[in-house]
$ cat final_35.txt   # compact mmCIF, C-alpha atoms
# COMPACT_ATOMS: atom_id res chain seq x y z
CA MET A 71 19.08 22.40 -21.94
CA MET A 72 17.06 21.10 -19.03
CA HIS A 73 19.51 22.62 -16.59
CA GLN A 74 18.35 26.08 -17.48
CA LYS A 75 14.69 25.27 -17.07
CA THR A 76 13.03 27.25 -14.32
CA GLN A 77 10.84 25.82 -11.57
CA ASP A 78 7.85 26.99 -13.57
CA ASP A 79 8.80 24.81 -16.51
CA LEU A 80 9.13 21.74 -14.32
CA SER A 81 5.42 21.75 -13.56
CA LYS A 82 4.78 21.17 -17.26
CA TYR A 83 6.45 17.75 -17.00
CA VAL A 84 5.25 14.45 -15.65
CA MET A 85 7.20 11.27 -14.91
CA CYS A 86 5.64 7.84 -15.36
CA ASP A 87 5.42 6.15 -11.97
CA ARG A 88 5.93 2.71 -13.45
CA CYS A 89 8.92 3.16 -15.76
CA ASN A 90 10.19 6.69 -15.05
CA SER A 91 9.82 8.03 -18.60
CA LEU A 92 9.52 11.79 -18.84
CA TYR A 93 6.67 13.51 -20.68
CA ARG A 94 5.64 17.05 -21.35
CA LYS A 95 2.02 17.53 -20.32
CA VAL A 96 -0.60 18.45 -22.91
CA LYS A 97 -4.14 19.73 -22.43
CA LEU A 98 -6.66 16.91 -22.56
CA PRO A 99 -10.36 17.08 -23.41
CA ALA A 100 -12.72 16.19 -20.53
CA GLY A 101 -12.84 12.51 -19.68
CA LYS A 102 -9.65 11.63 -21.59
CA ARG A 103 -6.48 10.21 -20.11
CA ALA A 104 -2.84 10.28 -21.13
CA ARG A 105 -0.96 7.01 -21.13
CA CYS A 106 2.75 6.22 -21.07
CA LYS A 107 3.97 5.18 -24.52
CA LYS A 108 6.47 2.73 -23.05
CA CYS A 109 4.46 0.85 -20.44
CA GLY A 110 0.85 1.93 -20.88
CA ALA A 111 0.44 3.28 -17.33
CA ILE A 112 -1.98 6.18 -16.93
CA LEU A 113 0.01 9.40 -16.55
CA TYR A 114 -2.81 11.83 -15.80
CA ARG A 115 -6.34 12.57 -16.88
CA TYR A 116 -8.73 15.43 -17.14
CA ASP A 117 -11.78 14.66 -15.05
CA PRO A 118 -13.66 17.89 -14.22
CA ALA A 119 -16.27 16.13 -12.05
CA TYR A 120 -13.67 14.37 -9.91
CA LEU A 121 -13.88 16.65 -6.88
CA ASP A 122 -17.68 16.47 -6.65
CA ARG A 123 -17.70 12.72 -7.08
CA ALA A 124 -14.91 12.15 -4.59
CA PHE A 125 -16.60 14.41 -2.03
CA ALA A 126 -19.92 12.58 -2.33
CA LEU A 127 -18.12 9.24 -2.06
CA ALA A 128 -16.05 10.31 0.94
CA LEU A 129 -19.19 11.42 2.82
CA SER A 130 -21.04 8.19 2.03
CA GLY A 131 -17.87 6.30 2.90
CA ILE A 132 -17.95 7.76 6.42
CA ILE A 133 -21.60 6.67 6.82
CA PHE A 134 -20.87 3.14 5.62
CA PHE A 135 -17.82 3.00 7.88
CA VAL A 136 -20.06 3.69 10.91
CA LEU A 137 -22.59 1.08 9.73
CA ALA A 138 -19.90 -1.52 9.13
CA ASN A 139 -18.65 -1.09 12.68
CA LEU A 140 -21.95 -0.83 14.55
CA PHE A 141 -23.68 -3.94 13.25
CA PRO A 142 -22.67 -7.59 13.11
CA LEU A 143 -20.69 -8.65 10.04
CA ILE A 144 -21.38 -12.37 10.08
CA HIS A 145 -23.60 -14.69 12.15
CA VAL A 146 -22.13 -18.15 12.66
CA GLY A 147 -24.11 -21.02 14.15
CA LEU A 148 -23.07 -24.42 15.48
CA TRP A 149 -25.47 -26.91 17.09
CA GLY A 150 -28.03 -24.30 18.06
CA LYS A 151 -25.51 -21.79 19.40
CA GLU A 152 -24.87 -18.59 17.52
CA HIS A 153 -22.02 -16.13 17.53
CA THR A 154 -21.75 -12.84 15.73
CA LEU A 155 -18.61 -11.29 14.32
CA THR A 156 -18.06 -7.56 14.50
CA LEU A 157 -14.82 -5.77 13.75
CA PHE A 158 -14.44 -4.86 17.41
CA SER A 159 -15.17 -8.37 18.69
CA ALA A 160 -12.60 -9.85 16.29
CA ILE A 161 -9.95 -7.45 17.56
CA SER A 162 -10.86 -7.96 21.22
CA VAL A 163 -10.57 -11.76 20.81
CA LEU A 164 -6.99 -11.25 19.57
CA GLU A 165 -6.26 -8.92 22.44
CA GLU A 166 -7.71 -11.30 25.05
CA GLY A 167 -5.60 -14.09 23.60
CA GLY A 168 -2.49 -12.01 24.25
CA PHE A 169 -1.80 -11.18 20.60
CA TYR A 170 -1.33 -7.48 21.28
CA ILE A 171 0.87 -6.71 18.28
CA VAL A 172 -1.51 -8.46 15.90
CA ALA A 173 -4.48 -6.66 17.50
CA ILE A 174 -2.78 -3.28 17.22
CA GLY A 175 -1.80 -4.00 13.61
CA VAL A 176 -5.31 -5.01 12.58
CA THR A 177 -6.84 -2.02 14.40
CA LEU A 178 -4.53 0.38 12.59
CA LEU A 179 -4.76 -1.19 9.13
CA VAL A 180 -8.51 -1.86 9.09
CA LEU A 181 -10.01 0.74 11.43
CA VAL A 182 -7.85 3.76 12.21
CA ILE A 183 -5.94 4.42 8.99
CA PRO A 184 -8.89 3.88 6.59
CA LEU A 185 -11.01 6.23 8.72
CA LEU A 186 -8.23 8.83 8.75
CA VAL A 187 -7.90 8.52 4.96
CA ILE A 188 -11.57 9.07 4.32
CA VAL A 189 -11.92 11.98 6.78
CA ASP A 190 -8.71 13.52 5.40
CA TYR A 191 -10.22 13.23 1.92
CA ALA A 192 -13.54 14.82 2.89
CA VAL A 193 -11.91 17.79 4.66
CA LEU A 194 -9.34 18.24 1.89
CA ILE A 195 -11.94 18.33 -0.88
CA LEU A 196 -14.03 20.78 1.12
CA LEU A 197 -10.99 23.07 1.40
CA LEU A 198 -10.17 22.67 -2.30
CA LYS A 199 -13.75 23.50 -3.28
CA LEU A 200 -13.87 26.56 -1.04
CA GLY A 201 -10.36 27.58 -2.05
CA LYS A 202 -9.41 28.29 1.58
CA ARG A 203 -6.54 27.43 3.96
CA PRO A 204 -3.84 26.40 1.41
CA GLU A 205 -1.38 25.43 4.15
CA MET A 206 -3.84 23.06 5.80
CA ALA A 207 -4.73 21.57 2.41
CA ARG A 208 -1.03 20.97 1.74
CA ARG A 209 -0.59 19.20 5.07
CA LEU A 210 -3.68 17.06 4.46
CA LEU A 211 -2.35 16.08 1.02
CA VAL A 212 1.07 15.14 2.40
CA SER A 213 -0.46 13.01 5.19
CA LEU A 214 -2.79 11.42 2.66
CA SER A 215 0.06 10.05 0.59
CA HIS A 216 1.72 8.66 3.73
CA LEU A 217 -1.52 7.03 4.91
CA ILE A 218 -2.77 5.48 1.66
CA PRO A 219 -0.27 2.55 1.45
CA TRP A 220 -1.42 1.42 4.91
CA SER A 221 -5.16 1.41 4.28
CA MET A 222 -6.24 -2.23 3.90
CA VAL A 223 -10.05 -2.44 4.18
CA ASP A 224 -10.26 -3.97 0.71
CA ILE A 225 -7.85 -6.75 1.66
CA PHE A 226 -9.72 -7.30 4.94
CA THR A 227 -13.03 -7.70 3.09
CA VAL A 228 -11.55 -10.33 0.80
CA SER A 229 -10.04 -12.05 3.85
CA VAL A 230 -13.45 -12.32 5.55
CA LEU A 231 -14.73 -14.09 2.43
CA ILE A 232 -11.76 -16.46 2.44
CA ALA A 233 -12.39 -17.19 6.14
CA LEU A 234 -16.00 -18.05 5.27
CA VAL A 235 -14.88 -20.46 2.56
CA LYS A 236 -12.59 -22.13 5.11
CA LEU A 237 -15.55 -22.56 7.46
CA SER A 238 -18.08 -23.70 4.89
CA GLY A 239 -19.65 -27.01 5.83
CA LYS A 240 -18.43 -26.75 9.43
CA VAL A 241 -20.79 -24.04 10.70
CA THR A 242 -23.89 -22.23 9.42
CA ILE A 243 -23.24 -18.76 8.06
CA HIS A 244 -25.52 -15.73 7.67
CA PHE A 245 -24.36 -12.38 6.41
CA GLY A 246 -25.11 -9.40 8.66
CA VAL A 247 -26.00 -5.85 7.64
CA ALA A 248 -22.49 -4.65 8.39
CA PHE A 249 -20.99 -7.05 5.86
CA TRP A 250 -22.71 -5.31 2.95
CA ALA A 251 -21.81 -1.95 4.44
CA LEU A 252 -18.19 -3.14 4.62
CA VAL A 253 -18.25 -4.23 0.96
CA ILE A 254 -19.58 -0.82 -0.15
CA TYR A 255 -17.14 0.96 2.16
CA ALA A 256 -14.23 -1.07 0.75
CA GLY A 257 -15.36 -0.19 -2.78
CA ILE A 258 -15.41 3.52 -1.95
CA ASP A 259 -12.02 3.25 -0.23
CA LEU A 260 -10.64 1.45 -3.28
CA TYR A 261 -11.84 4.21 -5.59
CA LEU A 262 -10.51 7.01 -3.40
CA THR A 263 -7.12 5.44 -2.70
CA ARG A 264 -6.27 3.41 -5.80
CA ALA A 265 -8.27 4.65 -8.81
CA ARG A 266 -6.62 8.07 -8.98
CA ARG A 267 -3.03 8.96 -8.41
CA ILE A 268 -2.23 11.41 -5.66
CA GLY A 269 -0.72 13.71 -8.30
CA THR A 270 -4.23 14.41 -9.61
CA LEU A 271 -5.18 16.04 -6.32
CA TRP A 272 -1.93 18.00 -6.23
CA GLU A 273 -2.66 19.41 -9.66
CA ILE A 274 -6.09 20.56 -8.50
CA TYR A 275 -4.36 22.06 -5.45
CA GLU A 276 -1.96 23.98 -7.67
CA ARG A 277 -4.79 25.32 -9.83
CA ARG A 278 -6.98 26.32 -6.86
CA TYR A 279 -4.38 28.20 -4.90
CA HIS A 280 -2.32 29.41 -7.87
CA VAL A 281 0.84 28.02 -6.36
CA GLN A 282 3.88 28.50 -8.68
CA MET B 12 3.31 14.49 -26.48
CA SER B 13 7.03 14.00 -26.43
CA SER B 14 8.57 11.16 -24.50
CA GLU B 15 12.15 10.86 -23.37
CA PRO B 16 13.89 8.83 -20.71
CA ALA B 17 14.03 10.94 -17.58
CA PRO B 18 17.35 12.79 -17.33
CA SER B 19 19.25 11.67 -14.28
CA HIS B 20 19.09 15.07 -12.64
CA LEU B 21 15.30 15.03 -12.52
CA ILE B 22 13.41 13.12 -9.83
CA ARG B 23 9.79 12.46 -9.08
CA CYS B 24 8.77 13.45 -5.56
CA PRO B 25 7.76 10.28 -3.69
CA VAL B 26 4.97 12.18 -1.90
CA CYS B 27 3.31 14.37 -4.55
CA GLU B 28 4.80 13.07 -7.82
CA ALA B 29 6.02 16.52 -8.92
CA VAL B 30 9.13 16.59 -11.11
CA ASN B 31 12.07 18.14 -9.26
CA VAL B 32 15.68 18.98 -9.99
CA ASP B 33 17.90 16.52 -8.13
CA THR B 34 20.70 18.34 -6.37
CA GLY B 35 21.82 15.31 -4.38
CA ASP B 36 21.61 16.13 -0.71
CA ASN B 37 18.75 18.09 0.81
CA VAL B 38 16.25 18.19 -2.00
CA ARG B 39 13.05 19.93 -0.95
CA CYS B 40 10.09 19.26 -3.24
CA ARG B 41 9.00 22.44 -4.99
CA ARG B 42 5.31 21.54 -4.66
CA CYS B 43 4.71 19.77 -1.36
CA GLY B 44 7.81 20.83 0.56
CA THR B 45 8.76 17.28 1.50
CA HIS B 46 12.41 16.66 2.25
CA ILE B 47 13.72 14.04 -0.19
CA PRO B 48 16.77 12.41 1.40
CA HIS B 49 19.88 11.36 -0.47
CA PRO B 50 19.52 7.86 -1.99
CA ARG B 51 22.44 6.71 0.16
CA GLU B 52 20.15 7.03 3.20
CA SER B 53 17.45 5.03 1.48
CA TYR B 54 19.98 2.34 0.53
CA TYR B 55 20.97 1.57 4.13
CA ARG B 56 17.46 2.00 5.51
CA THR B 57 16.06 -0.44 2.94
CA TRP B 58 18.79 -2.99 3.75
CA ALA B 59 18.03 -2.74 7.48
CA LEU B 60 14.27 -3.12 7.03
CA LEU B 61 14.66 -5.91 4.49
CA LEU B 62 17.03 -7.94 6.66
CA THR B 63 14.69 -7.55 9.64
CA ALA B 64 11.80 -8.78 7.50
CA MET B 65 13.83 -11.74 6.22
CA ILE B 66 14.77 -12.79 9.75
CA LEU B 67 11.14 -12.52 10.86
CA TRP B 68 10.10 -14.65 7.89
CA ILE B 69 11.66 -17.68 9.59
CA PRO B 70 9.51 -17.73 12.77
CA ALA B 71 6.51 -16.52 10.74
CA ASN B 72 6.67 -19.70 8.67
CA LEU B 73 7.98 -22.15 11.26
CA PHE B 74 5.46 -21.37 14.00
CA PRO B 75 1.73 -21.99 13.55
CA ILE B 76 -0.38 -18.93 12.85
CA LEU B 77 -3.60 -20.78 13.64
CA ARG B 78 -4.68 -23.20 16.37
CA ILE B 79 -7.95 -25.10 15.97
CA HIS B 80 -9.51 -26.47 19.19
CA THR B 81 -12.13 -29.20 18.83
CA ILE B 82 -13.47 -31.77 21.27
CA MET B 83 -10.70 -34.07 20.05
CA GLY B 84 -7.94 -31.70 21.13
CA TYR B 85 -6.19 -29.09 19.05
CA THR B 86 -4.28 -28.92 15.77
CA ASP B 87 -1.75 -26.28 14.75
CA ASN B 88 -1.62 -24.80 11.27
CA THR B 89 1.35 -23.06 9.74
CA VAL B 90 0.93 -20.79 6.71
CA VAL B 91 2.02 -23.52 4.29
CA GLY B 92 0.04 -26.12 6.27
CA GLY B 93 -3.09 -24.01 5.84
CA VAL B 94 -2.61 -23.98 2.08
CA ILE B 95 -2.20 -27.78 2.01
CA THR B 96 -5.35 -28.26 4.14
CA LEU B 97 -7.32 -26.03 1.77
CA TRP B 98 -5.98 -27.85 -1.28
CA ASP B 99 -6.84 -31.25 0.17
CA GLY B 100 -10.30 -29.96 1.05
CA GLY B 101 -10.89 -29.13 -2.61
CA SER B 102 -10.83 -25.31 -2.36
CA TYR B 103 -8.20 -25.02 -5.08
CA LEU B 104 -8.82 -21.37 -5.94
CA ILE B 105 -8.63 -20.15 -2.33
CA ALA B 106 -5.58 -22.35 -1.73
CA LEU B 107 -3.91 -20.70 -4.71
CA VAL B 108 -4.82 -17.19 -3.56
CA ILE B 109 -3.34 -17.85 -0.11
CA LEU B 110 -0.30 -19.57 -1.59
CA ILE B 111 0.41 -16.60 -3.83
CA ALA B 112 -0.44 -13.85 -1.32
CA SER B 113 1.20 -15.21 1.80
CA VAL B 114 3.94 -17.55 0.61
CA LEU B 115 5.09 -16.40 -2.81
CA VAL B 116 4.58 -12.62 -2.53
CA PRO B 117 6.88 -12.13 0.51
CA ILE B 118 9.60 -14.29 -1.11
CA LEU B 119 9.19 -12.42 -4.40
CA LYS B 120 9.51 -9.12 -2.55
CA PHE B 121 12.70 -10.29 -0.82
CA ILE B 122 14.23 -11.39 -4.12
CA VAL B 123 13.25 -8.22 -6.01
CA LEU B 124 14.46 -5.87 -3.27
CA LEU B 125 17.72 -7.81 -2.88
CA TYR B 126 18.21 -7.69 -6.64
CA LEU B 127 17.48 -3.95 -6.78
CA LEU B 128 19.76 -3.18 -3.85
CA ILE B 129 22.65 -5.31 -5.08
CA SER B 130 22.35 -4.20 -8.71
CA SER B 131 22.47 -0.55 -7.60
CA ARG B 132 26.07 -1.26 -6.55
CA PHE B 133 27.19 -2.49 -9.96
CA PRO B 134 27.23 -0.72 -13.29
CA VAL B 135 24.37 -2.69 -14.87
CA ARG B 136 22.86 0.22 -16.66
CA HIS B 137 20.62 -1.84 -18.89
CA ARG B 138 17.18 -3.09 -17.90
CA ARG B 139 16.41 0.09 -16.02
CA HIS B 140 12.80 -0.05 -17.18
CA VAL B 141 12.47 -3.68 -16.15
CA ARG B 142 13.81 -2.88 -12.71
CA HIS B 143 11.42 0.06 -12.41
CA ARG B 144 8.49 -2.17 -13.26
CA LEU B 145 9.63 -4.83 -10.80
CA TYR B 146 9.68 -2.17 -8.12
CA THR B 147 6.16 -0.93 -8.95
CA LEU B 148 4.95 -4.52 -9.01
CA ILE B 149 6.12 -5.26 -5.48
CA GLU B 150 4.72 -1.93 -4.30
CA ILE B 151 1.27 -2.86 -5.62
CA ILE B 152 1.06 -6.50 -4.53
CA GLY B 153 2.95 -6.13 -1.25
CA ALA B 154 0.02 -5.32 1.00
CA TRP B 155 -1.82 -8.49 -0.03
CA SER B 156 0.47 -10.59 2.17
CA MET B 157 -1.64 -9.31 5.06
CA VAL B 158 -4.48 -11.59 3.87
CA ASP B 159 -3.43 -14.44 6.13
CA ILE B 160 -3.48 -12.28 9.25
CA PHE B 161 -6.92 -10.90 8.41
CA VAL B 162 -8.21 -14.43 7.75
CA VAL B 163 -6.91 -15.47 11.18
CA THR B 164 -8.54 -12.37 12.74
CA ALA B 165 -11.89 -13.16 11.11
CA LEU B 166 -11.72 -16.87 11.99
CA SER B 167 -10.78 -16.33 15.62
CA GLY B 168 -13.50 -13.69 15.91
CA MET B 169 -16.17 -15.99 14.47
CA VAL B 170 -15.34 -19.41 15.84
CA THR B 171 -15.53 -19.07 19.61
CA PHE B 172 -17.72 -22.05 20.51
CA ASP B 173 -17.02 -24.30 23.49
CA SER B 174 -16.63 -27.35 21.27
CA PHE B 175 -14.97 -25.63 18.33
CA GLN B 176 -12.61 -22.72 18.69
CA ILE B 177 -10.02 -21.11 16.46
CA VAL B 178 -7.33 -18.90 17.94
CA ALA B 179 -4.27 -17.18 16.53
CA GLY B 180 -0.96 -19.01 16.82
CA THR B 181 2.44 -17.87 18.00
CA GLY B 182 3.61 -17.28 14.42
CA ALA B 183 0.94 -14.61 13.86
CA THR B 184 2.91 -11.91 15.68
CA ALA B 185 6.05 -12.67 13.68
CA TYR B 186 3.99 -12.72 10.50
CA VAL B 187 2.42 -9.28 11.11
CA LEU B 188 5.84 -7.82 11.83
CA MET B 189 7.35 -9.55 8.78
CA VAL B 190 4.72 -8.03 6.46
CA PHE B 191 5.09 -4.66 8.15
CA PHE B 192 8.87 -4.62 7.62
CA THR B 193 8.63 -5.78 3.97
CA LEU B 194 6.12 -3.00 3.26
CA ALA B 195 8.31 -0.46 5.05
CA ALA B 196 11.35 -1.68 3.09
CA ALA B 197 9.54 -1.26 -0.24
CA ILE B 198 8.46 2.25 0.77
CA ALA B 199 11.97 3.13 1.99
CA PHE B 200 13.53 2.07 -1.30
CA ASP B 201 14.36 5.12 -3.39
CA PRO B 202 13.76 4.49 -7.12
CA ARG B 203 16.76 6.75 -7.80
CA LEU B 204 18.91 3.77 -6.82
CA ILE B 205 17.72 2.18 -10.07
CA ALA B 206 19.14 5.09 -12.03
CA GLN B 207 22.45 3.31 -11.81
CA HIS B 208 25.25 5.78 -12.52
CA TYR B 209 24.05 8.06 -9.76
CA HIS B 210 24.79 5.66 -6.99
CA THR B 211 28.13 4.41 -8.30
CA GLN B 212 29.42 7.96 -8.54
CA LYS B 213 28.28 8.76 -5.04
CA SER B 214 29.40 5.46 -3.55
CA LYS B 215 32.92 5.93 -4.90
CA LYS B 216 33.05 9.28 -3.22
CA ALA B 217 31.49 7.87 -0.08
CA SER B 218 33.83 4.89 0.10
CA SER B 219 36.87 7.12 -0.16
CA ASN B 220 35.48 8.87 2.89
CA GLY B 221 35.11 5.53 4.57
CA ILE B 222 31.31 5.64 4.62
CA GLY B 223 30.29 3.34 1.80
$ encode --input "final_35.txt" --output "structure tokens"
Amino acid sequence: MMHQKTQDDLSKYVMCDRCNSLYRKVKLPAGKRARCKKCGAILYRYDPAYLDRAFALALSGIIFFVLANLFPLIHVGLWGKEHTLTLFSAISVLEEGGFYIVAIGVTLLVLVIPLLVIVDYAVLILLLKLGKRPEMARRLLVSLSHLIPWSMVDIFTVSVLIALVKLSGKVTIHFGVAFWALVIYAGIDLYLTRARRIGTLWEIYERRYHVQ
Amino acid sequence: MSSEPAPSHLIRCPVCEAVNVDTGDNVRCRRCGTHIPHPRESYYRTWALLLTAMILWIPANLFPILRIHTIMGYTDNTVVGGVITLWDGGSYLIALVILIASVLVPILKFIVLLYLLISSRFPVRHRRHVRHRLYTLIEIIGAWSMVDIFVVTALSGMVTFDSFQIVAGTGATAYVLMVFFTLAAAIAFDPRLIAQHYHTQKSKKASSNGIG
């Protein structure tokens, strides 16, 4: 039975991440996806253009990340006075108020980790496309799956909107350039971190370097 | 495509999702090389992180996470207080989002993780799929508890006028740490603990050695 199966056979199987059912993989036509019979979760898909798309998105993501951090996110006005919100100013206000742990947490979750994820992605896809440095690609993939749960730009973007709703009627609000950059950046981050499972990249890795 | 419930000796690597043979101690993933510790380790680690998070939940909810300074003095807002203010102000949707994300989600995570940890000790073999789905659910929604902290960050970064100022409250630090420890607990939880029989066998052995 399964006990006698070799390592090679194991790579033909996939386990549903939602309900743990076991499936034997089948070849899919381009653009199709396999779903779990029990719970409907997507098991895997065949998307030949994924690498190119993800690479383009990762590069634009880095550009939008820079834009979102250089320019003001929101302009708020009260009785003729105006203040602008940038990511850095928001964090420095926390830090000046003595909320060091909160400031460190926000910096990591909204600035550092998302940037690491997107750079990790860009370098990894470059390596996968060139078919070079398998060991480095493996390390990048492993760090990627540790980093992804802690990337929270999407949640931060929604939070800025909620903060604006809380302020509505009390101050005047104008959106800055960086806000739209942040929205696009969050969209790209969402696609790269949540739309595909990390297993997809590992399968490409296996094919590229003929591991097994 | 053939589907079968995953045999108990097969596990999905938490890092790269590859199917591996479970040999108990010292499993090394065949694809990414990650060391997959024995579920016993995960059991105690999850308990420790979960209890820490539950203790932090108390100051996070008792102390204000927001202080609003106006010319009339200042008012403190706790997490629940913020929801009530929003509801009274007529922002029902936002009030509901905050209520779900920052009040209900952490409690739900505590209950689900407690249930999963305790049920792994007893031979309740049924509802394995339900428990698996509960686990995936808390993994997906968990990060959204951070919304409140990001709202506070955005508000305190925007509203820095002389006559109207919003700063973080003492509860914010506890809240960040509480969310951090709940997320870490969910990550530390090994889904193999849901595959019931495994743990009971091991825990019997372990308890005879005086460990469990």
$ residues_around --input "final_35.txt" --residues "Val141 of chain B" --least-positions-apart "3" --cutoff "10 Å" --atoms "all atoms listed in the file" --output "number ranges by chain"
A: 88-89; B: 137-138, 144-147, 205
$ interface_residues --input "final_35.txt" --of "chain A" --to "chain B" --cutoff "8 Å" --atoms "only C-alpha atoms" --output "PyMOL selection string"
chain A and resi 77+80-81+83-85+87-96+107+144-146+148+151+153-156+159-161+163-164+167+169+171-172+175-176+208+212+215-216+219-220+222+225-226+228-230+232-233+235-236+268-269+272
$ atom_distance --input "final_35.txt" --atom1 "atom CA of Leu125 of chain B" --atom2 "atom CA of Ser113 of chain B"
18.7 Å
$ residues_around --input "final_35.txt" --residues "Gly257 of chain A" --least-positions-apart "2" --cutoff "12 Å" --atoms "all atoms listed in the file" --output "MDAnalysis selection string"
chainID A and resid 127:128 130:131 134:135 222:228 250:255 259:265
$ atom_distance --input "final_35.txt" --atom1 "atom CA of Lys199 of chain A" --atom2 "atom CA of Ala100 of chain A"
18.8 Å
$ atom_distance --input "final_35.txt" --atom1 "atom CA of Pro99 of chain A" --atom2 "atom CA of Ala124 of chain A"
20.0 Å
$ residues_around --input "final_35.txt" --residues "Phe121 of chain B" --least-positions-apart "5" --cutoff "8 Å" --atoms "only C-alpha atoms" --output "PyMOL selection string"
chain B and resi 61+65+193
$ residues_around --input "final_35.txt" --residues "Arg278 of chain A" --least-positions-apart "5" --cutoff "10 Å" --atoms "all atoms listed in the file" --output "list in words"
Leu197, Leu198, Lys199, Leu200, Gly201, Lys202, Pro204, Trp272 and Glu273 of chain A
$ closest_residue --input "final_35.txt" --among "A:Leu271, A:Ala256, A:Leu181, A:Leu234" --to "Leu214 of chain A" --atoms "all atoms listed in the file"
A:Leu271
$ closest_residue --input "final_35.txt" --among "B:Val38, B:Val91, B:Ile177, B:Ile76" --to "Leu237 of chain A" --atoms "all atoms listed in the file"
B:Ile177
